[in-house]
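First comes the structure, then the notes that go with it.
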Amino acid sequence: MKNIIENKNFPQERALYGVNEVELKNCTFQGEEDGESALKEARNISLKDCYMALRYPLWHDENVSLERVEMTDTCRAALWYTSRLVVKDSKLHGIKALRECSDIELENTSVISPEFSWRSHRIVGKNISVEGEYGFFESSDVHLSNMKFKGKYSFQYVHNLVIEDSTLDTKDAFWHTKNVYVKNSTIKGEYLAWYAEDITFENCTIIGTQPLCYCKNLKLINCKMIDCDLSFEYSDVDADIVGEVTSVKNVKSGKVVADSYGEIILTDDSKVKCEAQILTRGE
């Protein structure tokens, strides 16, 4: 049975270092002492209705539950090297909020955090909003649904990623990814998914310049492409596009089918042999 701690403030350095089987309710982590690492090396802990404004509170922990917890912008690098983490109805608003963690569940949670979720593994996110640069960098086995994402350079070098029913406002997303499936989503941004391998978009709307270049085993199923010029350069493609594509350029191989094209560009200075079929629907 967990030891329950209620209505306390913990401003000191390593205030609860190494605790086990503890439930914190309506507690705060703030004060002039400016203590760091409040719950470092803790095990089997839960926090409910807590407010956290100090650095590095949850490092090297195992089996952590956060519910209705607010981490402010001064709660930097909050969750590092931690495993079996559940976060619900919370705010993660400190820089570098999550790094090198594993077995993570996020639900009904707001994230405002540059460099969120770097090198983390086995992540499930539902009904979340994420704002920040370089989100999910080098993470793996990630499944996100009903997510709103805003920020640059997202999902770079990610392996085994599923995104469903989401909206992404991001540039340079999905670079160097492997085994990615995006469904029923809108992706707005420049230079989408360059150098990606085994990546599929189904029932998606893709918006922005120069998407999907240098890809291997790229699939688009029933997708729309808006303001997408210079698409698919040097990519291996199997694409079924609803509506017009502004332009496609030097598609390496495979097949592109669309209702119409603003321009099909094949240049004499192409660095690879381009043998893709570029077809108008009905041909």
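Please note that chains go A, B, ... in the order of the structure tokens, that every chain numbers its residues from 1, and that ligands are numbered from 1 in the order shown.
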
ask   = Which polymer residues have any atom within 10 Å of an atom of segment 268-270 of chain A, counting only C-alpha atoms, with same-chain residues fewer than 5 positions away left out, as a ChimeraX atom specification?
value = /A:233-234,249-252

Each residue of segment 216-235 of chain A with at least one atom at most 9 Å from segment 191-207 of chain A should appear once, together with its nearest atom pair and the corresponding distance in Å (one decimal); atoms considered: only C-alpha atoms; ordering: chain, then increasing residue number; output as a tab-separated table.
```
residue	atom	partner	partner_atom	distance
A:Lys216	CA	A:Glu197	CA	4.6
A:Asn217	CA	A:Asp198	CA	4.8
A:Leu218	CA	A:Ile199	CA	5.2
A:Lys219	CA	A:Thr200	CA	4.6
A:Leu220	CA	A:Phe201	CA	4.9
A:Ile221	CA	A:Glu202	CA	4.6
A:Asn222	CA	A:Asn203	CA	5.1
A:Cys223	CA	A:Cys204	CA	4.9
A:Lys224	CA	A:Thr205	CA	4.7
A:Met225	CA	A:Ile206	CA	4.8
A:Ile226	CA	A:Ile207	CA	4.8
A:Asp227	CA	A:Ile207	CA	5.9
A:Cys228	CA	A:Ile207	CA	6.2
A:Ser235	CA	A:Tyr195	CA	8.6
```

Include N, CA and C atoms and write out the residues we just selected as an mmCIF file, in the first residue's frame.
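selection_12.cif written:
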```
data_model
loop_
_atom_site.group_PDB
_atom_site.id
_atom_site.type_symbol
_atom_site.label_atom_id
_atom_site.label_comp_id
_atom_site.auth_asym_id
_atom_site.auth_seq_id
_atom_site.Cartn_x
_atom_site.Cartn_y
_atom_site.Cartn_z
ATOM 1 N N LYS A 216 12.246 5.972 -50.295
ATOM 2 C CA LYS A 216 12.221 4.588 -50.745
ATOM 3 C C LYS A 216 10.931 3.938 -50.261
ATOM 4 N N ASN A 217 10.263 3.252 -51.161
ATOM 5 C CA ASN A 217 8.996 2.579 -50.828
ATOM 6 C C ASN A 217 8.005 3.551 -50.195
ATOM 7 N N LEU A 218 7.704 4.604 -50.931
ATOM 8 C CA LEU A 218 6.728 5.617 -50.533
ATOM 9 C C LEU A 218 5.363 5.283 -51.124
ATOM 10 N N LYS A 219 4.322 5.312 -50.286
ATOM 11 C CA LYS A 219 2.966 5.044 -50.757
ATOM 12 C C LYS A 219 2.032 6.170 -50.334
ATOM 13 N N LEU A 220 1.195 6.615 -51.273
ATOM 14 C CA LEU A 220 0.101 7.529 -50.974
ATOM 15 C C LEU A 220 -1.185 6.871 -51.432
ATOM 16 N N ILE A 221 -2.131 6.726 -50.510
ATOM 17 C CA ILE A 221 -3.395 6.064 -50.806
ATOM 18 C C ILE A 221 -4.517 7.073 -50.600
ATOM 19 N N ASN A 222 -5.197 7.466 -51.677
ATOM 20 C CA ASN A 222 -6.350 8.364 -51.588
ATOM 21 C C ASN A 222 -6.002 9.652 -50.840
ATOM 22 N N CYS A 223 -4.928 10.286 -51.257
ATOM 23 C CA CYS A 223 -4.467 11.511 -50.599
ATOM 24 C C CYS A 223 -4.693 12.737 -51.486
ATOM 25 N N LYS A 224 -4.789 13.904 -50.838
ATOM 26 C CA LYS A 224 -4.818 15.176 -51.541
ATOM 27 C C LYS A 224 -3.473 15.870 -51.335
ATOM 28 N N MET A 225 -3.038 16.594 -52.390
ATOM 29 C CA MET A 225 -1.789 17.355 -52.294
ATOM 30 C C MET A 225 -2.076 18.787 -52.720
ATOM 31 N N ILE A 226 -1.906 19.724 -51.785
ATOM 32 C CA ILE A 226 -2.250 21.125 -52.014
ATOM 33 C C ILE A 226 -0.974 21.969 -51.986
ATOM 34 N N ASP A 227 -0.788 22.768 -53.030
ATOM 35 C CA ASP A 227 0.407 23.624 -53.135
ATOM 36 C C ASP A 227 1.686 22.814 -53.025
ATOM 37 N N CYS A 228 1.668 21.619 -53.594
ATOM 38 C CA CYS A 228 2.825 20.727 -53.545
ATOM 39 C C CYS A 228 3.557 20.774 -54.882
ATOM 40 N N SER A 235 12.411 9.817 -55.879
ATOM 41 C CA SER A 235 11.740 8.889 -54.969
ATOM 42 C C SER A 235 11.193 7.671 -55.707
#
```

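From atom CA of Thr170 of chain A back to atom CA of Asn127 of chain A, the distance works out to 18.2 Å.
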
query = Residues of segment 5-232 of chain A in strand (DSSP E or B) according to DSSP, as a PyMOL selection string?
reply = chain A and resi 5-6+9+20-25+28-29+43-48+51-52+58-59+62-67+70-71+79-80+83-88+91-92+98-99+102-107+110-112+118+121-131+140-150+159-164+167-169+178-183+186-188+197-202+205-207+216-226+231

task = Could you check which of A:Leu58, A:Ile264, A:Ile45, A:Ala77 is closest to Ser117 of chain A, using only C-alpha atoms?
result =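 Of the candidates, the smallest distance to Ser117 of chain A is held by A:Ala77.
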
key: Atomic separation - atom CA of Ser145 of chain A relative to atom CA of Ser65 of chain A, Å   = 20.4 Å

ask   = Neighbours of Lys91 of chain A within 10 Å (only C-alpha atoms; same-chain residues fewer than 3 positions away dropped), as a PyMOL selection string?
value = chain A and resi 51+66-72+87-88+94+108-112+129

Please produce a file of the residues just selected, as a tab-separated table (two decimals), in the first residue's frame, where the atoms kept are N, CA, C and O atoms.
```
chain	number	residue	atom	x	y	z
A	51	TYR	N	1.82	20.57	-8.60
A	51	TYR	CA	2.38	21.71	-9.34
A	51	TYR	C	3.89	21.65	-9.20
A	51	TYR	O	4.43	21.62	-8.09
A	66	LEU	N	1.29	10.24	-13.47
A	66	LEU	CA	0.99	11.67	-13.28
A	66	LEU	C	-0.44	11.92	-13.73
A	66	LEU	O	-0.81	11.60	-14.86
A	67	GLU	N	-1.23	12.53	-12.86
A	67	GLU	CA	-2.62	12.84	-13.19
A	67	GLU	C	-2.94	14.26	-12.71
A	67	GLU	O	-2.75	14.57	-11.53
A	68	ARG	N	-3.36	15.09	-13.65
A	68	ARG	CA	-3.64	16.50	-13.37
A	68	ARG	C	-2.41	17.17	-12.72
A	68	ARG	O	-2.52	17.85	-11.70
A	69	VAL	N	-1.28	16.97	-13.35
A	69	VAL	CA	-0.02	17.56	-12.89
A	69	VAL	C	0.38	18.67	-13.85
A	69	VAL	O	0.34	18.49	-15.07
A	70	GLU	N	0.77	19.80	-13.30
A	70	GLU	CA	1.26	20.90	-14.12
A	70	GLU	C	2.76	21.07	-13.92
A	70	GLU	O	3.23	21.32	-12.81
A	71	MET	N	3.50	20.95	-15.02
A	71	MET	CA	4.92	21.25	-15.03
A	71	MET	C	5.12	22.55	-15.79
A	71	MET	O	4.81	22.64	-16.97
A	72	THR	N	5.65	23.56	-15.13
A	72	THR	CA	5.77	24.89	-15.71
A	72	THR	C	7.01	24.99	-16.60
A	72	THR	O	7.81	24.05	-16.69
A	87	VAL	N	0.92	9.47	-18.13
A	87	VAL	CA	0.62	10.89	-17.92
A	87	VAL	C	-0.78	11.17	-18.45
A	87	VAL	O	-1.05	10.95	-19.63
A	88	LYS	N	-1.67	11.66	-17.59
A	88	LYS	CA	-3.05	11.94	-17.99
A	88	LYS	C	-3.47	13.33	-17.52
A	88	LYS	O	-3.11	13.75	-16.41
A	94	GLY	N	7.74	22.40	-19.68
A	94	GLY	CA	9.14	22.73	-19.47
A	94	GLY	C	10.00	22.24	-20.63
A	94	GLY	O	9.70	21.25	-21.28
A	108	ASN	N	-4.82	13.05	-23.05
A	108	ASN	CA	-5.45	14.33	-22.68
A	108	ASN	C	-4.43	15.29	-22.05
A	108	ASN	O	-4.68	15.91	-21.01
A	109	THR	N	-3.30	15.39	-22.70
A	109	THR	CA	-2.18	16.14	-22.12
A	109	THR	C	-1.66	17.19	-23.10
A	109	THR	O	-1.60	16.95	-24.31
A	110	SER	N	-1.29	18.35	-22.56
A	110	SER	CA	-0.72	19.45	-23.34
A	110	SER	C	0.79	19.48	-23.14
A	110	SER	O	1.28	19.48	-22.01
A	111	VAL	N	1.51	19.52	-24.27
A	111	VAL	CA	2.96	19.59	-24.23
A	111	VAL	C	3.41	20.87	-24.93
A	111	VAL	O	3.04	21.11	-26.08
A	112	ILE	N	4.16	21.71	-24.23
A	112	ILE	CA	4.86	22.84	-24.85
A	112	ILE	C	6.31	22.69	-24.42
A	112	ILE	O	6.68	23.03	-23.30
A	129	SER	N	-1.83	17.51	-27.38
A	129	SER	CA	-1.30	18.59	-28.19
A	129	SER	C	0.18	18.72	-27.88
A	129	SER	O	0.58	18.64	-26.71
```

query = How many Å lie between atom CA of Asp229 of chain A and atom CA of Pro211 of chain A, rounded to one decimal?
reply = 7.7 Å

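Near Glu32 of chain A, within a cut-off of 12 Å and counting only C-alpha atoms, sit the residues Asn9, Phe10, Pro11, Gln12, Glu13, Phe29, Gly35, Glu36, Ala53 and Leu54 of chain A, with same-chain residues fewer than 3 positions away left out.
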
Let me see the file: selected residues, C-alpha atoms, as a JSON list (two decimals), in the first residue's frame.
```
[["chain", "number", "residue", "atom", "x", "y", "z"],
["A", 9, "ASN", "CA", 5.69, 21.74, -0.58],
["A", 10, "PHE", "CA", 9.10, 20.34, -1.50],
["A", 11, "PRO", "CA", 11.56, 23.11, -2.41],
["A", 12, "GLN", "CA", 14.75, 21.34, -1.29],
["A", 13, "GLU", "CA", 17.43, 19.52, -3.28],
["A", 29, "PHE", "CA", 7.61, 21.72, -5.89],
["A", 35, "GLY", "CA", 16.12, 22.49, -5.22],
["A", 36, "GLU", "CA", 16.71, 20.07, -8.10],
["A", 53, "ALA", "CA", 8.31, 24.45, -11.01],
["A", 54, "LEU", "CA", 11.77, 23.05, -10.22]]
```

request  = Would you mind telling me which residue in A:Thr82, A:Glu190, A:Asn7, A:Ser154 lies nearest to Asp49 of chain A when using only C-alpha atoms?
outcome  =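 With only C-alpha atoms as the atom set, the closest residue is A:Asn7.
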
request  = Find the residues around Gly282 of chain A up to 12 Å (only C-alpha atoms counted), leave out those fewer than 5 positions away in its own chain, and share them as JSON, numbers by chain.
outcome  = {"A": [257, 258, 259, 260]}

Would you mind exporting N, CA, C and O atoms of the selected residues as a PDB file, in the first residue's frame?
```pdb
ATOM      1  N   VAL A 257      -0.479   8.439 -59.882  1.00  0.00           N
ATOM      2  CA  VAL A 257      -1.762   8.658 -60.541  1.00  0.00           C
ATOM      3  C   VAL A 257      -2.453   9.828 -59.854  1.00  0.00           C
ATOM      4  O   VAL A 257      -2.618   9.831 -58.630  1.00  0.00           O
ATOM      5  N   ALA A 258      -2.854  10.825 -60.631  1.00  0.00           N
ATOM      6  CA  ALA A 258      -3.581  11.982 -60.102  1.00  0.00           C
ATOM      7  C   ALA A 258      -4.645  12.402 -61.099  1.00  0.00           C
ATOM      8  O   ALA A 258      -4.619  11.992 -62.276  1.00  0.00           O
ATOM      9  N   ASP A 259      -5.587  13.233 -60.661  1.00  0.00           N
ATOM     10  CA  ASP A 259      -6.614  13.729 -61.584  1.00  0.00           C
ATOM     11  C   ASP A 259      -6.014  14.694 -62.594  1.00  0.00           C
ATOM     12  O   ASP A 259      -6.456  14.734 -63.748  1.00  0.00           O
ATOM     13  N   SER A 260      -4.997  15.457 -62.173  1.00  0.00           N
ATOM     14  CA  SER A 260      -4.331  16.371 -63.107  1.00  0.00           C
ATOM     15  C   SER A 260      -3.017  16.845 -62.487  1.00  0.00           C
ATOM     16  O   SER A 260      -2.774  16.665 -61.289  1.00  0.00           O
TER      17      SER A 260
END
```

Using only C-alpha atoms, which residues of segment 54-153 of chain A come within 10 Å of segment 180-184 of chain A, and what is the closest atom pair for each, with the distance in Å to one decimal? Give it as CSV, sorted by chain and residue number.
```
residue,atom,partner,partner_atom,distance
A:Asp141,CA,A:Val180,CA,9.8
A:Val142,CA,A:Val180,CA,9.5
A:His143,CA,A:Tyr181,CA,9.6
A:Leu144,CA,A:Val182,CA,9.6
A:Ser145,CA,A:Lys183,CA,9.5
A:Asn146,CA,A:Asn184,CA,9.9
```

inquiry  = Please determine, counting only C-alpha atoms, which residue among A:Asn26, A:Ser185, A:Ser83, A:Ser166 has the shortest atom-to-atom distance to Glu6 of chain A.
reply    = A:Asn26
